[in-house]
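Peer 1: Structure file final04.cif, mmCIF, C-alpha atoms, is pasted below:
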```
data_data
#
loop_
_atom_site.label_atom_id
_atom_site.label_comp_id
_atom_site.auth_asym_id
_atom_site.auth_seq_id
_atom_site.Cartn_x
_atom_site.Cartn_y
_atom_site.Cartn_z
CA MET A 1 0.00 0.00 0.00
CA ILE A 2 1.43 3.37 -1.07
CA HIS A 3 -0.03 6.68 0.12
CA ALA A 4 0.50 10.14 -1.37
CA LEU A 5 -0.84 13.67 -1.04
CA VAL A 6 -1.72 15.08 -4.46
CA ASN A 7 -2.36 18.70 -5.41
CA ASN A 8 -3.51 19.23 -8.99
CA ASP A 9 -5.83 22.19 -8.34
CA PRO A 10 -4.83 24.93 -5.86
CA VAL A 11 -8.47 25.91 -5.41
CA LEU A 12 -9.54 22.44 -4.27
CA GLY A 13 -6.38 21.76 -2.26
CA ASP A 14 -4.78 18.41 -1.48
CA TRP A 15 -6.38 15.03 -1.97
CA PHE A 16 -5.28 11.70 -0.56
CA LEU A 17 -4.28 8.83 -2.87
CA SER A 18 -3.91 5.25 -1.65
CA CYS A 19 -2.59 2.72 -4.18
CA VAL A 20 -3.38 -0.76 -2.93
CA TYR A 21 -2.61 -4.35 -3.82
CA GLY A 22 -5.03 -6.36 -1.72
CA SER A 23 -4.23 -9.79 -0.38
CA PRO A 24 -5.76 -12.62 -2.44
CA TYR A 25 -6.03 -14.71 0.74
CA ILE A 26 -9.43 -14.31 2.39
CA ASP A 27 -8.12 -14.93 5.92
CA GLU A 28 -5.67 -12.01 5.57
CA GLN A 29 -8.14 -9.48 4.20
CA PRO A 30 -9.91 -8.38 7.42
CA GLU A 31 -6.64 -7.21 9.01
CA LYS A 32 -5.78 -4.99 6.04
CA TRP A 33 -9.25 -3.45 5.82
CA LYS A 34 -9.37 -2.87 9.54
CA TYR A 35 -6.17 -0.84 9.10
CA ILE A 36 -7.87 1.15 6.32
CA LYS A 37 -10.90 1.77 8.57
CA ASN A 38 -8.62 3.08 11.31
CA LEU A 39 -6.77 5.22 8.76
CA SER A 40 -10.07 6.77 7.61
CA SER A 41 -10.52 8.48 10.98
CA SER A 42 -7.49 10.66 10.11
CA VAL A 43 -8.53 11.52 6.53
CA PHE A 44 -10.49 14.79 6.30
CA ILE A 45 -9.90 15.55 2.61
CA PRO A 46 -10.96 13.88 -0.66
CA TRP A 47 -9.68 10.31 -0.71
CA VAL A 48 -9.43 7.70 -3.46
CA LEU A 49 -8.24 4.15 -2.81
CA ILE A 50 -7.37 2.41 -6.05
CA GLY A 51 -5.78 -0.77 -7.37
CA ASP A 52 -6.14 -4.54 -7.47
CA LEU A 53 -8.13 -4.67 -4.23
CA ASN A 54 -8.80 -8.41 -4.58
CA ILE A 55 -12.34 -8.03 -3.24
CA THR A 56 -15.81 -8.21 -4.74
CA MET A 57 -18.50 -6.04 -3.17
CA ASN A 58 -21.63 -7.61 -4.65
CA SER A 59 -22.72 -10.47 -6.89
CA SER A 60 -22.37 -8.38 -10.07
CA ASP A 61 -18.59 -8.23 -9.43
CA ARG A 62 -18.20 -11.92 -10.30
CA ASN A 63 -19.78 -14.56 -12.52
CA THR A 64 -19.48 -17.31 -9.89
CA ASN A 65 -19.84 -17.62 -6.12
CA VAL A 66 -16.18 -18.57 -5.69
CA ASN A 67 -14.08 -16.60 -3.19
CA SER A 68 -16.69 -14.08 -2.14
CA THR A 69 -15.40 -11.32 0.14
CA PRO A 70 -16.00 -11.70 3.91
CA SER A 71 -18.85 -9.55 5.24
CA GLU A 72 -16.42 -8.25 7.88
CA VAL A 73 -14.37 -6.59 5.12
CA LEU A 74 -17.46 -4.97 3.57
CA ASP A 75 -18.44 -3.62 6.99
CA TYR A 76 -14.98 -2.05 7.40
CA ILE A 77 -15.37 -0.37 3.99
CA ARG A 78 -18.75 1.12 4.92
CA GLN A 79 -17.40 2.31 8.27
CA SER A 80 -14.55 4.03 6.41
CA ASP A 81 -17.00 6.23 4.42
CA LEU A 82 -15.74 4.57 1.24
CA GLN A 83 -17.88 3.52 -1.70
CA ASP A 84 -17.32 2.07 -5.15
CA MET A 85 -17.11 4.90 -7.68
CA GLY A 86 -18.29 2.72 -10.58
CA PHE A 87 -16.59 2.23 -13.93
CA ILE A 88 -16.70 2.65 -17.71
CA GLY A 89 -15.92 -0.30 -19.96
CA ASN A 90 -16.18 -4.08 -19.81
CA GLN A 91 -17.62 -5.39 -16.56
CA PHE A 92 -14.83 -7.69 -15.37
CA THR A 93 -11.14 -6.84 -14.87
CA ARG A 94 -9.67 -10.27 -14.17
CA THR A 95 -10.02 -13.74 -15.68
CA ARG A 96 -8.07 -16.97 -15.30
CA ASN A 97 -6.24 -16.44 -18.60
CA SER A 98 -4.59 -13.53 -20.40
CA HIS A 99 -7.26 -13.19 -23.11
CA GLY A 100 -10.24 -12.30 -20.98
CA THR A 101 -12.01 -15.51 -22.00
CA GLY A 102 -11.59 -17.54 -18.80
CA LYS A 103 -14.70 -19.15 -17.37
CA ILE A 104 -14.20 -17.46 -13.98
CA LYS A 105 -14.42 -13.68 -14.22
CA SER A 106 -14.44 -10.97 -11.56
CA ARG A 107 -14.02 -7.23 -10.99
CA LEU A 108 -11.15 -7.08 -8.51
CA ASP A 109 -9.61 -3.83 -9.75
CA LYS A 110 -11.55 -0.76 -8.66
CA ALA A 111 -11.52 2.64 -6.96
CA LEU A 112 -13.21 3.44 -3.66
CA VAL A 113 -13.83 7.09 -2.77
CA ASN A 114 -15.07 8.98 0.29
CA SER A 115 -17.83 11.60 0.49
CA ASP A 116 -15.39 14.51 0.22
CA TRP A 117 -14.14 13.08 -3.08
CA LEU A 118 -17.69 12.96 -4.49
CA ILE A 119 -18.20 16.59 -3.46
CA ASN A 120 -14.96 17.94 -4.93
CA TYR A 121 -14.62 15.66 -7.97
CA PRO A 122 -18.21 14.82 -8.98
CA ASP A 123 -17.23 14.28 -12.63
CA SER A 124 -14.41 11.82 -11.96
CA THR A 125 -14.56 8.43 -13.71
CA LEU A 126 -12.75 5.10 -13.65
CA LYS A 127 -12.19 3.43 -17.01
CA HIS A 128 -11.43 -0.24 -17.66
CA LEU A 129 -8.88 -0.12 -20.49
CA THR A 130 -8.63 -2.69 -23.27
CA ARG A 131 -7.01 -5.94 -22.15
CA LEU A 132 -3.58 -6.40 -23.69
CA GLY A 133 -2.01 -9.58 -22.37
CA PRO A 134 -2.10 -9.77 -18.55
CA ASP A 135 -4.86 -11.55 -16.64
CA HIS A 136 -5.86 -8.13 -15.22
CA VAL A 137 -6.91 -5.10 -17.27
CA LEU A 138 -5.43 -1.68 -16.56
CA ILE A 139 -7.72 0.87 -14.91
CA MET A 140 -7.44 4.63 -15.38
CA LEU A 141 -8.79 7.33 -13.05
CA SER A 142 -9.87 10.60 -14.67
CA LEU A 143 -10.71 13.54 -12.42
CA TYR A 144 -12.78 15.67 -14.77
CA SER A 145 -13.96 13.50 -17.66
CA THR A 146 -17.74 13.43 -18.20
CA VAL A 147 -17.89 11.53 -21.52
CA GLY A 148 -19.60 8.18 -21.18
CA ARG A 149 -19.98 8.52 -17.43
CA THR A 150 -21.75 5.56 -15.78
CA SER A 151 -21.22 6.38 -12.11
CA ARG A 152 -23.26 8.76 -9.97
CA SER A 153 -24.06 12.36 -11.01
CA TRP A 154 -24.56 15.39 -8.77
CA LYS A 155 -28.10 15.67 -7.42
CA PHE A 156 -30.19 18.49 -5.96
CA PHE A 157 -32.34 16.99 -3.21
CA GLU A 158 -35.81 18.51 -2.95
CA HIS A 159 -35.84 18.28 0.84
CA TRP A 160 -32.91 20.76 0.97
CA LEU A 161 -35.53 23.47 0.35
CA SER A 162 -37.24 22.62 3.64
CA ASN A 163 -34.23 24.03 5.50
CA ASP A 164 -34.30 27.82 5.86
CA SER A 165 -30.54 28.16 5.36
CA CYS A 166 -30.60 26.62 1.88
CA GLU A 167 -31.62 29.87 0.19
CA ASN A 168 -28.80 31.77 1.89
CA GLU A 169 -26.28 29.17 0.77
CA ILE A 170 -27.38 29.60 -2.85
CA LYS A 171 -27.26 33.40 -2.57
CA ASN A 172 -23.76 33.30 -1.04
CA ALA A 173 -22.51 30.92 -3.71
CA TRP A 174 -24.00 33.05 -6.50
CA SER A 175 -22.48 36.27 -5.16
CA SER A 176 -18.90 35.28 -6.04
CA ASN A 177 -17.10 38.18 -7.74
CA ILE A 178 -15.29 36.98 -10.87
CA SER A 179 -14.62 38.41 -14.30
CA GLY A 180 -14.78 36.95 -17.79
CA SER A 181 -17.32 36.27 -20.50
CA HIS A 182 -20.97 35.86 -19.57
CA ALA A 183 -20.77 32.13 -20.32
CA TYR A 184 -17.68 31.70 -18.13
CA ILE A 185 -19.24 33.62 -15.23
CA LEU A 186 -22.45 31.56 -15.46
CA THR A 187 -20.53 28.27 -15.49
CA ASP A 188 -18.32 29.32 -12.59
CA LYS A 189 -21.29 30.41 -10.45
CA GLN A 190 -23.08 27.14 -11.13
CA ALA A 191 -20.00 25.12 -10.14
CA ASN A 192 -19.51 27.25 -7.01
CA THR A 193 -23.16 26.75 -6.04
CA ARG A 194 -22.93 23.00 -6.52
CA ASN A 195 -19.75 22.76 -4.44
CA LEU A 196 -21.03 24.88 -1.53
CA LEU A 197 -24.44 23.16 -1.47
CA SER A 198 -22.77 19.74 -1.34
CA LYS A 199 -20.61 20.75 1.63
CA TRP A 200 -23.60 22.38 3.34
CA SER A 201 -25.71 19.24 2.82
CA LYS A 202 -23.03 17.02 4.35
CA ILE A 203 -22.94 19.21 7.50
CA THR A 204 -26.72 19.67 7.70
CA PHE A 205 -28.07 16.25 6.71
CA GLY A 206 -25.07 13.90 6.84
CA HIS A 207 -24.14 11.39 4.13
CA ILE A 208 -27.48 11.17 2.29
CA GLN A 209 -26.32 8.81 -0.45
CA ASN A 210 -24.75 6.45 2.10
CA LYS A 211 -28.01 6.33 4.05
CA ILE A 212 -29.94 5.55 0.86
CA SER A 213 -27.46 2.80 -0.07
CA GLU A 214 -27.71 1.22 3.38
CA LEU A 215 -31.52 1.24 3.24
CA GLN A 216 -31.47 -0.29 -0.24
CA GLN A 217 -29.13 -3.02 0.97
CA ASP A 218 -31.35 -3.77 3.99
CA LEU A 219 -34.41 -3.85 1.72
CA SER A 220 -32.74 -6.24 -0.71
CA ILE A 221 -31.77 -8.63 2.10
CA LEU A 222 -35.26 -8.52 3.61
CA GLN A 223 -36.92 -9.24 0.26
CA LYS A 224 -34.53 -12.13 -0.37
CA VAL A 225 -35.36 -13.93 2.89
CA ASP A 226 -39.11 -13.25 2.69
CA ILE A 227 -39.89 -16.59 1.05
CA GLN A 228 -43.38 -16.95 2.47
CA GLY A 229 -44.42 -13.29 2.15
CA ASN A 230 -44.67 -12.75 5.89
CA LEU A 231 -42.49 -9.64 6.07
CA THR A 232 -44.57 -7.30 3.92
CA SER A 233 -45.04 -4.71 6.68
CA GLN A 234 -41.29 -4.54 7.32
CA VAL A 235 -40.59 -4.20 3.60
CA LEU A 236 -43.11 -1.35 3.31
CA LEU A 237 -41.51 0.40 6.29
CA LEU A 238 -38.09 0.30 4.62
CA GLU A 239 -39.55 1.46 1.30
CA ASN A 240 -41.10 4.47 3.02
#
```
Show me the file's structure as structure tokens.

Peer 2:
Amino acid sequence: MIHALVNNDPVLGDWFLSCVYGSPYIDEQPEKWKYIKNLSSSVFIPWVLIGDLNITMNSSDRNTNVNSTPSEVLDYIRQSDLQDMGFIGNQFTRTRNSHGTGKIKSRLDKALVNSDWLINYPDSTLKHLTRLGPDHVLIMLSLYSTVGRTSRSWKFFEHWLSNDSCENEIKNAWSSNISGSHAYILTDKQANTRNLLSKWSKITFGHIQNKISELQQDLSILQKVDIQGNLTSQVLLLEN
């Protein structure tokens, strides 16, 4: 594991890069991810953790049930405020042969990012490059690319308007004093508004997307075990 502080934009400041080669041995994985969870308590800036993580986070990350990741590891990831940023390209990054045609396929190479990363780099993408020989494909992180984006986009939540301070945040963001063409000023004010509203939302409401993801996961588990249809009231409660 290699860590670095990166500064590519003086306005946004430093971000934290962790390049990781995860252990392929399941019994060794919890110790490494517990370290990452402990490390997360000291990271207060945008963070991306990238590499051959040797984990799968859900069933769509593999075409078999072989070597699924321990639930303990997935819990450590959630506790670290890290989430899969998604990808562009072919679904799987590793097969048993060098041509991508092995019967056992999985997505072991990925990038996990924290909430501050999503706020400051909402247009970032991870691309699975074309396989050229090795049993793993190369992955490429782009900070600003928006072409062909398949991961999450920035959202304006309607319930923000129920908070009296939302209007002031928008006014403050829109009052930035810059010069340039009308189009440039408009674009800059929009970006400034998006950035400030995202930070305000995190302070005011917490990690909204994380809460939604956790509820969706709980709902999926409940629906899976409800074989006899006896848990309808609990399912409806989660849906609400």

Peer 1: Determine the nearest neighbour of Tyr144 in chain A from the options A:Gln29, A:Asn163, A:Ser181, A:Ser124, counting only C-alpha atoms.

Peer 2: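 Nearest to Tyr144 in chain A: A:Ser124.
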
Peer 1: Need to verify the contact set: range 35-50 of chain A, 8 Å, all atoms listed in the file, exclusion of same-chain residues closer than 6 positions in sequence. Can you return it as a ChimeraX atom specification?

Peer 2: /A:14-20,76-77,79-81,109-118,120

Peer 1: Which is closer to His159 in chain A than all the others in A:Ser142, A:Thr204, A:Lys127, A:Tyr121, using all atoms listed in the file?

Peer 2: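 The answer is A:Thr204, which sits nearest to His159 in chain A.
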
Peer 1: Env of Asn172 in chain A: 12 Å cut, atoms = all atoms listed in the file, seq-sep filter 5 positions within chain, self excluded. Answer as a count of residues only.

Peer 2: 13

Peer 1: Let me know the residues the PyMOL selection byres ((chain A and resi 54) around 8) catches in the file above, as a ChimeraX atom specification.

Peer 2: /A:21-24,52-53,55-56,108-109

Peer 1: When you draw a straight line from CA of Ile178 in chain A to CA of Ala191 in chain A, how long is it in Å?

Peer 2: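 Pair CA of Ile178 in chain A / CA of Ala191 in chain A returns 12.8 Å.
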
Peer 1: Just give me the gap between CA of Ile88 in chain A and CA of Thr125 in chain A in Å, one decimal is fine.

Peer 2: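 Atom-to-atom, CA of Ile88 in chain A to CA of Thr125 in chain A, that is 7.3 Å.
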
Peer 1: Of the candidates A:Asp164, A:Gln217, A:Phe157, A:Lys211, which shows the shortest atom-to-atom distance to Asn58 in chain A, using all atoms listed in the file?

Peer 2: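 Smallest distance to Asn58 in chain A is found for A:Gln217.
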
Peer 1: Pull out range 47-60 of chain A, keep all heavy atoms, and write it as a PDB file, in the first residue's frame.

Peer 2:
```pdb
ATOM      1  N   TRP A  47     -10.508  11.512  -0.796  1.00  0.00           N
ATOM      2  CA  TRP A  47      -9.678  10.305  -0.711  1.00  0.00           C
ATOM      3  C   TRP A  47     -10.121   9.314  -1.771  1.00  0.00           C
ATOM      4  O   TRP A  47     -11.307   9.053  -1.938  1.00  0.00           O
ATOM      5  CB  TRP A  47      -9.837   9.702   0.683  1.00  0.00           C
ATOM      6  CG  TRP A  47      -8.995   8.493   0.983  1.00  0.00           C
ATOM      7  CD1 TRP A  47      -7.879   8.072   0.319  1.00  0.00           C
ATOM      8  CD2 TRP A  47      -9.198   7.551   2.049  1.00  0.00           C
ATOM      9  NE1 TRP A  47      -7.374   6.940   0.902  1.00  0.00           N
ATOM     10  CE2 TRP A  47      -8.151   6.593   1.958  1.00  0.00           C
ATOM     11  CE3 TRP A  47     -10.143   7.432   3.064  1.00  0.00           C
ATOM     12  CZ2 TRP A  47      -8.050   5.525   2.853  1.00  0.00           C
ATOM     13  CZ3 TRP A  47     -10.045   6.375   3.954  1.00  0.00           C
ATOM     14  CH2 TRP A  47      -9.008   5.435   3.853  1.00  0.00           C
ATOM     15  N   VAL A  48      -9.151   8.783  -2.516  1.00  0.00           N
ATOM     16  CA  VAL A  48      -9.427   7.697  -3.458  1.00  0.00           C
ATOM     17  C   VAL A  48      -8.459   6.562  -3.162  1.00  0.00           C
ATOM     18  O   VAL A  48      -7.260   6.766  -2.991  1.00  0.00           O
ATOM     19  CB  VAL A  48      -9.316   8.165  -4.926  1.00  0.00           C
ATOM     20  CG1 VAL A  48      -7.944   8.748  -5.237  1.00  0.00           C
ATOM     21  CG2 VAL A  48      -9.621   7.013  -5.885  1.00  0.00           C
ATOM     22  N   LEU A  49      -9.009   5.362  -3.062  1.00  0.00           N
ATOM     23  CA  LEU A  49      -8.236   4.154  -2.806  1.00  0.00           C
ATOM     24  C   LEU A  49      -8.394   3.277  -4.038  1.00  0.00           C
ATOM     25  O   LEU A  49      -9.509   2.889  -4.385  1.00  0.00           O
ATOM     26  CB  LEU A  49      -8.769   3.475  -1.547  1.00  0.00           C
ATOM     27  CG  LEU A  49      -7.992   2.309  -0.950  1.00  0.00           C
ATOM     28  CD1 LEU A  49      -8.137   2.317   0.572  1.00  0.00           C
ATOM     29  CD2 LEU A  49      -8.485   0.993  -1.517  1.00  0.00           C
ATOM     30  N   ILE A  50      -7.280   2.991  -4.722  1.00  0.00           N
ATOM     31  CA  ILE A  50      -7.370   2.406  -6.055  1.00  0.00           C
ATOM     32  C   ILE A  50      -6.355   1.285  -6.230  1.00  0.00           C
ATOM     33  O   ILE A  50      -5.285   1.302  -5.621  1.00  0.00           O
ATOM     34  CB  ILE A  50      -7.148   3.507  -7.125  1.00  0.00           C
ATOM     35  CG1 ILE A  50      -7.449   2.993  -8.523  1.00  0.00           C
ATOM     36  CG2 ILE A  50      -5.737   4.088  -7.034  1.00  0.00           C
ATOM     37  CD1 ILE A  50      -7.444   4.090  -9.595  1.00  0.00           C
ATOM     38  N   GLY A  51      -6.711   0.302  -7.052  1.00  0.00           N
ATOM     39  CA  GLY A  51      -5.778  -0.765  -7.373  1.00  0.00           C
ATOM     40  C   GLY A  51      -6.464  -2.112  -7.503  1.00  0.00           C
ATOM     41  O   GLY A  51      -7.688  -2.217  -7.609  1.00  0.00           O
ATOM     42  N   ASP A  52      -5.638  -3.167  -7.487  1.00  0.00           N
ATOM     43  CA  ASP A  52      -6.138  -4.537  -7.469  1.00  0.00           C
ATOM     44  C   ASP A  52      -6.497  -4.852  -6.026  1.00  0.00           C
ATOM     45  O   ASP A  52      -5.675  -5.356  -5.259  1.00  0.00           O
ATOM     46  CB  ASP A  52      -5.072  -5.493  -8.005  1.00  0.00           C
ATOM     47  CG  ASP A  52      -5.510  -6.953  -7.928  1.00  0.00           C
ATOM     48  OD1 ASP A  52      -6.690  -7.201  -7.615  1.00  0.00           O
ATOM     49  OD2 ASP A  52      -4.667  -7.838  -8.177  1.00  0.00           O
ATOM     50  N   LEU A  53      -7.715  -4.547  -5.634  1.00  0.00           N
ATOM     51  CA  LEU A  53      -8.125  -4.669  -4.234  1.00  0.00           C
ATOM     52  C   LEU A  53      -8.395  -6.122  -3.835  1.00  0.00           C
ATOM     53  O   LEU A  53      -8.459  -6.435  -2.647  1.00  0.00           O
ATOM     54  CB  LEU A  53      -9.375  -3.827  -3.972  1.00  0.00           C
ATOM     55  CG  LEU A  53      -9.284  -2.345  -4.351  1.00  0.00           C
ATOM     56  CD1 LEU A  53     -10.518  -1.601  -3.864  1.00  0.00           C
ATOM     57  CD2 LEU A  53      -8.016  -1.707  -3.803  1.00  0.00           C
ATOM     58  N   ASN A  54      -8.554  -6.988  -4.833  1.00  0.00           N
ATOM     59  CA  ASN A  54      -8.801  -8.414  -4.582  1.00  0.00           C
ATOM     60  C   ASN A  54     -10.037  -8.658  -3.725  1.00  0.00           C
ATOM     61  O   ASN A  54     -10.067  -9.566  -2.890  1.00  0.00           O
ATOM     62  CB  ASN A  54      -7.572  -9.072  -3.945  1.00  0.00           C
ATOM     63  CG  ASN A  54      -6.728  -9.809  -4.978  1.00  0.00           C
ATOM     64  OD1 ASN A  54      -7.259 -10.553  -5.805  1.00  0.00           O
ATOM     65  ND2 ASN A  54      -5.427  -9.586  -4.952  1.00  0.00           N
ATOM     66  N   ILE A  55     -11.057  -7.826  -3.910  1.00  0.00           N
ATOM     67  CA  ILE A  55     -12.336  -8.028  -3.236  1.00  0.00           C
ATOM     68  C   ILE A  55     -13.458  -7.842  -4.250  1.00  0.00           C
ATOM     69  O   ILE A  55     -13.293  -7.163  -5.268  1.00  0.00           O
ATOM     70  CB  ILE A  55     -12.546  -7.048  -2.061  1.00  0.00           C
ATOM     71  CG1 ILE A  55     -12.560  -5.596  -2.573  1.00  0.00           C
ATOM     72  CG2 ILE A  55     -11.509  -7.254  -0.977  1.00  0.00           C
ATOM     73  CD1 ILE A  55     -12.989  -4.591  -1.511  1.00  0.00           C
ATOM     74  N   THR A  56     -14.593  -8.466  -3.984  1.00  0.00           N
ATOM     75  CA  THR A  56     -15.813  -8.208  -4.740  1.00  0.00           C
ATOM     76  C   THR A  56     -16.850  -7.723  -3.742  1.00  0.00           C
ATOM     77  O   THR A  56     -16.963  -8.262  -2.643  1.00  0.00           O
ATOM     78  CB  THR A  56     -16.317  -9.475  -5.459  1.00  0.00           C
ATOM     79  OG1 THR A  56     -16.509 -10.522  -4.507  1.00  0.00           O
ATOM     80  CG2 THR A  56     -15.299  -9.920  -6.506  1.00  0.00           C
ATOM     81  N   MET A  57     -17.600  -6.690  -4.111  1.00  0.00           N
ATOM     82  CA  MET A  57     -18.501  -6.036  -3.168  1.00  0.00           C
ATOM     83  C   MET A  57     -19.953  -6.459  -3.330  1.00  0.00           C
ATOM     84  O   MET A  57     -20.772  -6.207  -2.468  1.00  0.00           O
ATOM     85  CB  MET A  57     -18.361  -4.522  -3.291  1.00  0.00           C
ATOM     86  CG  MET A  57     -16.941  -4.043  -3.005  1.00  0.00           C
ATOM     87  SD  MET A  57     -16.743  -2.247  -3.075  1.00  0.00           S
ATOM     88  CE  MET A  57     -17.693  -1.732  -1.651  1.00  0.00           C
ATOM     89  N   ASN A  58     -20.283  -7.094  -4.452  1.00  0.00           N
ATOM     90  CA  ASN A  58     -21.631  -7.613  -4.651  1.00  0.00           C
ATOM     91  C   ASN A  58     -21.578  -8.683  -5.734  1.00  0.00           C
ATOM     92  O   ASN A  58     -20.530  -8.922  -6.356  1.00  0.00           O
ATOM     93  CB  ASN A  58     -22.615  -6.494  -5.017  1.00  0.00           C
ATOM     94  CG  ASN A  58     -22.103  -5.660  -6.171  1.00  0.00           C
ATOM     95  OD1 ASN A  58     -21.915  -6.167  -7.272  1.00  0.00           O
ATOM     96  ND2 ASN A  58     -21.884  -4.372  -5.938  1.00  0.00           N
ATOM     97  N   SER A  59     -22.690  -9.339  -5.967  1.00  0.00           N
ATOM     98  CA  SER A  59     -22.719 -10.473  -6.886  1.00  0.00           C
ATOM     99  C   SER A  59     -22.409 -10.072  -8.327  1.00  0.00           C
ATOM    100  O   SER A  59     -21.941 -10.903  -9.115  1.00  0.00           O
ATOM    101  CB  SER A  59     -24.085 -11.157  -6.819  1.00  0.00           C
ATOM    102  OG  SER A  59     -25.118 -10.244  -7.151  1.00  0.00           O
ATOM    103  N   SER A  60     -22.652  -8.808  -8.693  1.00  0.00           N
ATOM    104  CA  SER A  60     -22.375  -8.381 -10.066  1.00  0.00           C
ATOM    105  C   SER A  60     -20.875  -8.250 -10.328  1.00  0.00           C
ATOM    106  O   SER A  60     -20.462  -8.088 -11.479  1.00  0.00           O
ATOM    107  CB  SER A  60     -23.067  -7.045 -10.350  1.00  0.00           C
ATOM    108  OG  SER A  60     -22.526  -6.007  -9.549  1.00  0.00           O
TER     109      SER A  60
END
```
